[in-house]
Every structure is written in C-alpha cells, then in structure tokens.
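Trainee: Please see the structure below; I have some questions.
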Amino acid sequence: MKNARQNKILELIEEYEISTQEALIQKLSEHGFESTQTTISRDIRQLRLIKGPTGRGAYKYVAPEVRKGSDAPGHNSALTDAVIKIEAAQNIIVVKTMSGMANAIAVCIDSLQIRDIIGSVAGDDTILLVLKTTEKAQAIESELKSVFER
C-alpha cells in the first residue's frame, strides 16, 4: 500500500500544482487513498520532495528530476552519461566517471542513504564506496548499475 500511495503522490505532483499537505491528502482521497497528515509528511520526507517555483510566484511540491524507481536518486542525463563503469571488488565498489564528475555523482549516490554503505570518497573521476560485506557490495553494484544505466 505504501509503494502504491507514494507512486500516486509522484503522479499527482506531476499532474497538479500541489502546495500543501492538505491539498495532497485531498487529491489522494479523490484517487482512493485515505491518509493522515503524519503519513503524508513521512511520505514527503522519504520521497525527498521539495517545494519548487511554479513560475507564477507560488511554490509546489516537486520530485527530483528523474526517478527510475522508488529508491532511485534524483539525477539528470548529464549525471547518467558521466558514469563510465561501476564495479565491485570485495566490500568496495569503484565508480569511474568522466573527469570532474565524481563529486556530483557521489552526492547523488549518498542521497540514496543506503544503510550498507559505510562511507564514500570521491576524487576527480573515481568514487570509492565502502560497504559492510562483499555480498552487500555485489547487491549494491547491481542496484547502482540499474540507476545509472544508459
């Protein structure tokens, strides 16, 4: 139910200019999702929704630019195209990027808040992600490849 509700939230904020939690609760109700303000507040936080300008001086809820799945970070094609290679080696994942792009991509990966990533270090064109176990590294490698797949 949570995933369905959160997917509907993303659809609604794309279709309508929704600026308050109350308005979001109302639209969800119109589409068969009864929710409390507490639940919606939690959904907004988990979806990392922010308020962005409408172009008319008002603000509305917006999602990160591109979402390939419910847990994907916000990113645009410039970031997607900048990832050259993602490869796990034991409990470390190495992400190779175009020169100068590692920090921006590391921020994007960090925004996923993956609990199994202990830390990340970004240089000019390389990111090192340290994971808890080799098994976790292999799973996260697959997830990152699906996020940054071209």
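To be explicit about the labels: the chains of the structure tokens are called A, B, and onward in the order shown, and within each one the residues are counted from 1, while ligands get numbers from 1 in the order they are shown.
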Near region 37-42 of chain A, within 7 Å and counting only C-alpha atoms, which residues show up once chain neighbours fewer than 3 positions away are dropped, as a ChimeraX atom specification?
Mentor: /A:21,45-46
Trainee: List every residue of chain A that DSSP, applied to the backbone, labels as strand (DSSP E or B), and write the result as a VMD selection string.
Mentor: chain A and resid 50 to 53 59 to 62 83 to 89 92 to 97 117 to 122 126 to 131
Trainee: Residues of the last selection are to be written out with C-alpha atoms, as a compact mmCIF listing (two decimals), in the first residue's frame.
Mentor:
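Once everything was written out, this is result-v5.txt:
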# COMPACT_ATOMS: atom_id res chain seq x y z
CA ILE A 50 10.88 19.74 -2.10
CA LYS A 51 8.91 22.87 -2.91
CA GLY A 52 9.86 24.47 -6.20
CA PRO A 53 8.60 27.56 -8.01
CA TYR A 59 5.55 27.07 -4.83
CA LYS A 60 4.52 23.45 -5.30
CA TYR A 61 5.83 20.03 -4.36
CA VAL A 62 8.35 18.66 -6.86
CA VAL A 83 29.15 7.29 -15.22
CA ILE A 84 31.58 5.14 -17.18
CA LYS A 85 31.86 1.98 -15.09
CA ILE A 86 30.61 0.51 -11.80
CA GLU A 87 32.46 -2.48 -10.39
CA ALA A 88 32.56 -4.24 -7.02
CA ALA A 89 35.78 -5.62 -5.58
CA ILE A 92 34.34 -1.87 -2.14
CA ILE A 93 32.53 -0.51 -5.17
CA VAL A 94 34.51 1.60 -7.61
CA VAL A 95 32.54 4.04 -9.75
CA LYS A 96 34.51 5.50 -12.67
CA THR A 97 33.19 8.78 -14.05
CA ILE A 117 27.36 1.90 2.58
CA ILE A 118 29.73 2.76 5.41
CA GLY A 119 31.30 5.68 3.57
CA SER A 120 32.21 7.20 0.24
CA VAL A 121 35.22 9.07 -1.10
CA ALA A 122 35.18 11.00 -4.36
CA THR A 126 36.62 7.96 -9.24
CA ILE A 127 34.32 7.19 -6.33
CA LEU A 128 35.10 4.54 -3.72
CA LEU A 129 32.13 3.18 -1.79
CA VAL A 130 32.97 1.07 1.26
CA LEU A 131 30.31 -1.49 2.15
Trainee: Please provide the set of residues having any atom within 9 Å of Asp124 (chain A), restricted to only C-alpha atoms, with same-chain residues fewer than 6 positions apart removed, written as JSON, numbers by chain.
Mentor: {"A": [97, 98, 99, 100, 101, 102, 103]}
Trainee: So how many Å separate CA of Ala58 (chain A) and CA of Tyr16 (chain A), to one decimal?
Mentor: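 So the two atoms, CA of Ala58 (chain A) and CA of Tyr16 (chain A), lie 13.1 Å apart.
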Trainee: Would you please give, as a ChimeraX atom specification, all residues of region 11-143 of chain A that DSSP assigns to helix (DSSP H, G or I) based on the backbone?
Mentor: /A:11-15,21-30,37-46,77-82,102-110,134-143
Trainee: Would you mind listing what lies within 9 Å of Phe148 (chain A) as a VMD selection string, with only C-alpha atoms counted and same-chain residues fewer than 5 positions away left out?
Mentor: chain A and resid 79 to 81 83 143
Trainee: In Å, with one decimal, what is the gap from CA of Leu47 (chain A) to CA of Ser142 (chain A)?
Mentor: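 According to the coordinates, CA of Leu47 (chain A) and CA of Ser142 (chain A) are separated by 21.5 Å.
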Trainee: Smallest atom-to-atom distance to Ala139 (chain A): which of A:Glu17, A:Asp116, A:Glu11, A:Asp110, using only C-alpha atoms?
Mentor: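 The closest residue to Ala139 (chain A) is A:Asp116.
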Trainee: Counting only C-alpha atoms, figure out which residue out of A:Ile44, A:Gly32, A:Ile114, A:Ala137 gets nearest to Ile9 (chain A).
Mentor: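 For Ile9 (chain A), the nearest of the candidates is A:Ile44.
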